[in-house]
Amino acid sequence: MILDSVKIIYILLSLFIISVLVYFIRLVFNKAGAIKKDANRIMIIAIIAIIFYTIFSISDNYILAKIMCSCYFICTDLMVYSMINYSINYTGFVQNKALSLFKKICICLIILDGASLLLNTFTEHSFDIQQAVAFTGVVYWLMLFTPLHYIHLDFCYVMVASSLLLLFKAFFNVASLYKQKYLTVIVAYLVVIFVNMFCYTAGTVIDFSVWLYALLAGFISYYSIFTFPESLVIKLLNRVNESIKEIIICFDLDGNCIYHNKAALTLFSSREHFDREKCQAFYKSWQQQNGTYSCAIDGGSRYYIVEKNVLQYSNVRIGDYFLLTDKTQEINALKREQYNFTHDEVTGLLNREGFFKNVDEVFSKYNDQQWMMVCTNIQDFKMINEIFGTETGDRILKKEAELLKRYAHKDSVYGRIADDKFCIFFRKEYFSEDVVKQYYDQIKKIISSQSYELHMQFGIYEIKSADESADSMFDKAMFAMDEIHGNYMKLISYFDSNLMDKRLSEKNIIADFDEAISKEEFELYLQPLITNNNKSFGAEVLVRWNHPERGIIVPDFFVKVYEQCGLISRLDLYIWRKACAILKDWKSRGLTEPYLCVNVSPWDLYYFDLYAVFTGLVSEFGIDPGHLNIELTETVLLSDYKKVMELFKKLQDFGFKIEIDDFGSGYSSLNMLKDIKADILKIDMLFLNKTVNFEKSRKILAAIITLAKKLNMNVITEGVENESQVKMLSDLGCNTFQGYYFSKPLSVTEFEKKYF
C-alpha cells in the first residue's frame, strides 16, 4: 500500500474527526435524556463509516476497496435511518403510528439494500471502481455507478427528507422561543446534503460529505443535548425574571450592578429608567443576610422581604444577588387586621383586647405611680336605640369617645370595651368627681326629650397592687358600677374589698346550687293568708336554703344571684314540685280546703312552656288545679304582654287561679287592669308605709280595693304588721291579709301544727 502525502493528510483528518466524535460520545453518554441513545448511535455509525471510507480511499487492493465501499454505503443507510429515529425523538412524534410503520418499512429496505451492496462485490450490479489519476497526480478509486445504484441513493435521500420534514413540521408548530431548536439542525442537515450532492455530481477525488456526515452527527448531538438546552434555560430564566413580580439584582465583587430584572424599576428608578447609583447605594448599605426593607415610593410606604445570596463559579465567589419580594399588601393587611383586632369600628378607640394590652404595658412601666380605672355605662342603652334609633345611639358612643380623648392626660389609656361600656385608665392626680359630672352632662345633652332622660353610672377603682392585671382592674371597676345598676339617683360608685367578698360569695352560691338541689337543701316555708276572722285558707310558698355550713339562708341572698346567672327557673321548678307534693299529701289526709300559691319569675316564660309544666304537675301528683294558685309579678306582665294574657286564659280555663303580686309598685298597673282578668290582686306593702302622704296612700288604697272588687277580683294586702293596719284595711273592704302581724313564714310542719 503506497501512502502519499494526500492520503496521509486524509488519514490524519479522519483520525481527528473520529477523536472528536469519541469525545462527544463520552459527553453524551453521561447526560440524561430521550435522544442520548440516538445521538450516540449516529456518531458511532459515523465513526464506522469514516473507517470504511478511509480504508477504501487508501487501499490499493481492488477487492478490498470494493468491499469497504459497499460497507460505507451500508453505513450511510444506517446513519440516515438513525437520523430518522433522532428526529422523531427530538421533535416528540414518538407515538405517531404512521411513523412507526414507516420505520419498519425502512428497516426492511435497509436489509435488502445492504444485501444488494454486499453482493455487488461479485455482481457489480450497483457500482464498480477503477483506479484513476487526478490532474494533481493523485491516484484514487473512481466510482462507476449503474442506474440501480441511484435507487440506493434515492432511498437515502428519502430517509433524509423524512427527517427534514419532521424537523420542519416541529419548527412551524412551536413557539418562537423554540424555533431555533429545530432551525439550527435543519440548516446543518441541508449543508451536509448539498455537499453530498455536490460530491456525487462533481465526481470529486474524495467524498467530503463523509466527514460532514460525521461532523453533523457530533454537531447535532452536542447542540441538542448541551448548547440549546443551556441557551433555552438562559432565555427562559430571562423571561421568567422579566415577568415575575420579585425584584432580582446581581452585583459583582466591587458592588457594581451587573443585572436587574424589570421589576427592579419599581424600587430603583428615576424617570422610568433604572437608577444604578441608587441600587448600588442599597447594596452598600445592606449589612445583613436576610431581613425586611422599607422605603417610601410615590408618597406611600413599601415593604420588601430581602434575601441575599452569594454568586459562585467553580466554588469561588464572584458576586452577590438579591431577591426582594414585595410584601406591602400583606403587611398593610396585617396592620389593618391588627388595628381592627385592637380597635373599635364605630369610635376608633381601643377595643377590649387593645385596651387591656395597652393598660398592662403602661402600668408595668409606671407601676410606682398611683393609678385609677374608671368604667362608664349608660342605663338601658338598648332602649335608646329602640326609641331614638341607632344613629342617635352611635352619636352618643362617638361623643363619649370624643370626651375621653379630651379629658385624657399623658399616658392615659381609654377605649370602648363593649356596647356602651367605656373605660379610662389614668393617674390618680388627674381624677376629679367634677370632671365625671361634666362628662355626664355633656352626654345628656345629646338627647333632648321631655319623656326620656339619659342616665349613666361610673364605677371607679383605685389600683392598690403593683401586680394587678388590666382585666382585674376592669372587673373591680365593673363590680363597683354593678352595685348602683338601676339606681337612677346615684352616679358614681367606688370599689372596696367588701364588693369582692360579695362577688366571691355569689360565686359560691352558684357553685353550690347543683348539690343543694340534689340534697334537697332548699326547703319550703309557708306564709299564711289570713281572713279578718283569723282563719287561714291558704299560704304563699316561700323558700329557705338550709345550708349545711351556713345554716338557714333567706331568699334575699340567693334569688337575685340565680336570676342573674339563669338558674332561677330550675329553682322555681323544684319549688313547684315540692308544693305539689305537699298538696298531694294534704289531699291524702283529707285536708282539701287550703291552697298554695307559687311564684313565677319573668325568666320562667323563656325557659318553660308554663301551661304544659303546670298542667303536667297537677296530672302527675293528682291534685286539683284550684288548690295551686299561680302568682305573677308586674315584671312578668311587662316581659311579653300578649303572650302572658294568652297564658292567663289557658291556665284559668284549666282551673288554676291567677294572682297578680306587688300591685302598685310599677308604673303601668292601672293601665293593665283593663286587660288583665286575674282572680286575685295582691296590693304592695308600700301603701302601708307611714309617709307624709299617708292620707293620699290611704285614698289610693281604697280606690284600688273598690276597683278590684268591681272587676271581680279578690284582694289580698301584703306586709300587714299591726292591728291598726288590719282595722284600716277591713274598713276599706279588704278582708284577706298576709304579714308578720299574723305569722312569719313557717316550715311545713309548723304550718300544719298551727292551722290544721
# chains A, B, ... in the order shown; residues from 1 in each chain; ligands from 1
call {"tool": "closest_atom_pairs", "arguments": {"of": "stretch 150-171 of chain A", "to": "stretch 74-84 of chain A", "cutoff": "7 Å", "atoms": "only C-alpha atoms", "output": "tab-separated table"}}
result
residue	atom	partner	partner_atom	distance
A:Cys156	CA	A:Asp77	CA	6.1
A:Met159	CA	A:Val80	CA	6.2
A:Val160	CA	A:Val80	CA	5.9
A:Ser162	CA	A:Ile84	CA	7.0
A:Ser163	CA	A:Ile84	CA	5.0
call {"tool": "write_last_selection", "arguments": {"atoms": "N, CA and C atoms", "output": "short mmCIF file (atom, residue, chain, number, x, y, z; two decimals), in the first residue's frame"}}
result
data_model
loop_
_atom_site.label_atom_id
_atom_site.label_comp_id
_atom_site.auth_asym_id
_atom_site.auth_seq_id
_atom_site.Cartn_x
_atom_site.Cartn_y
_atom_site.Cartn_z
N CYS A 156 -31.73 6.75 0.37
CA CYS A 156 -31.07 7.53 1.43
C CYS A 156 -31.65 8.95 1.50
N MET A 159 -35.02 9.03 3.17
CA MET A 159 -34.95 8.98 4.64
C MET A 159 -34.49 10.32 5.21
N VAL A 160 -33.50 10.95 4.53
CA VAL A 160 -33.04 12.26 4.99
C VAL A 160 -34.18 13.28 4.89
N SER A 162 -37.31 12.69 5.06
CA SER A 162 -38.28 12.40 6.12
C SER A 162 -37.87 13.07 7.44
N SER A 163 -36.56 12.98 7.72
CA SER A 163 -36.05 13.65 8.93
C SER A 163 -36.28 15.15 8.85
#
call {"tool": "residues_around", "arguments": {"residues": "A:Ile553", "least_positions_apart": "4", "cutoff": "12 Å", "atoms": "only C-alpha atoms", "output": "PyMOL selection string"}}
result
chain A and resi 509+521-523+543-549+557-559
call {"tool": "closest_residue", "arguments": {"among": "A:Ser100, A:Asn85, A:Gln95, A:Thr325", "to": "A:Thr292", "atoms": "only C-alpha atoms"}}
result
A:Thr325
call {"tool": "residues_around", "arguments": {"residues": "A:Tyr86", "least_positions_apart": "2", "cutoff": "10 Å", "atoms": "only C-alpha atoms", "output": "PyMOL selection string"}}
result
chain A and resi 34-42+80-84+88-92+163+220-221
call {"tool": "residues_around", "arguments": {"residues": "stretch 399-406 of chain A", "least_positions_apart": "4", "cutoff": "9 Å", "atoms": "only C-alpha atoms", "output": "list in words"}}
result
Thr347, Gly348, Leu349, Asp394, Arg395, Tyr414, Gly415, Arg416, Phe422, Cys423, Ile424, Tyr439, Gln442, Ile443 and Ile446 of chain A
call {"tool": "write_last_selection", "arguments": {"atoms": "N, CA and C atoms", "output": "compact mmCIF listing (two decimals), in the first residue's frame"}}
result
# COMPACT_ATOMS: atom_id res chain seq x y z
N THR A 347 -66.10 53.86 67.05
CA THR A 347 -65.48 55.04 67.67
C THR A 347 -64.01 55.22 67.32
N GLY A 348 -63.37 54.18 66.85
CA GLY A 348 -61.94 54.26 66.57
C GLY A 348 -61.08 54.13 67.81
N LEU A 349 -61.70 53.95 68.97
CA LEU A 349 -60.93 53.77 70.21
C LEU A 349 -60.43 52.33 70.32
N ASP A 394 -75.29 55.69 68.03
CA ASP A 394 -73.91 55.82 67.56
C ASP A 394 -73.36 57.21 67.85
N ARG A 395 -74.23 58.22 67.77
CA ARG A 395 -73.77 59.59 68.06
C ARG A 395 -73.35 59.73 69.51
N TYR A 414 -57.55 54.71 77.05
CA TYR A 414 -59.01 54.72 77.07
C TYR A 414 -59.52 53.89 75.89
N GLY A 415 -60.74 53.36 76.05
CA GLY A 415 -61.28 52.53 74.98
C GLY A 415 -62.73 52.17 75.23
N ARG A 416 -63.34 51.61 74.19
CA ARG A 416 -64.71 51.09 74.28
C ARG A 416 -64.61 49.59 74.49
N PHE A 422 -67.42 52.06 78.41
CA PHE A 422 -66.15 52.71 78.12
C PHE A 422 -65.29 52.68 79.38
N CYS A 423 -63.98 52.70 79.18
CA CYS A 423 -63.05 52.71 80.31
C CYS A 423 -61.91 53.69 80.03
N ILE A 424 -61.41 54.29 81.12
CA ILE A 424 -60.21 55.11 81.01
C ILE A 424 -59.31 54.79 82.20
N TYR A 439 -68.58 65.34 82.30
CA TYR A 439 -68.65 64.31 81.25
C TYR A 439 -70.09 63.84 81.08
N GLN A 442 -72.37 66.46 79.46
CA GLN A 442 -72.14 66.58 78.02
C GLN A 442 -72.89 65.48 77.25
N ILE A 443 -72.88 64.26 77.79
CA ILE A 443 -73.57 63.14 77.13
C ILE A 443 -75.08 63.34 77.17
N ILE A 446 -77.14 65.24 74.37
CA ILE A 446 -77.38 64.67 73.03
C ILE A 446 -78.85 64.35 72.83
call {"tool": "closest_residue", "arguments": {"among": "A:Arg26, A:Lys445, A:Lys365, A:His455", "to": "A:Phe381", "atoms": "only C-alpha atoms"}}
result
A:His455
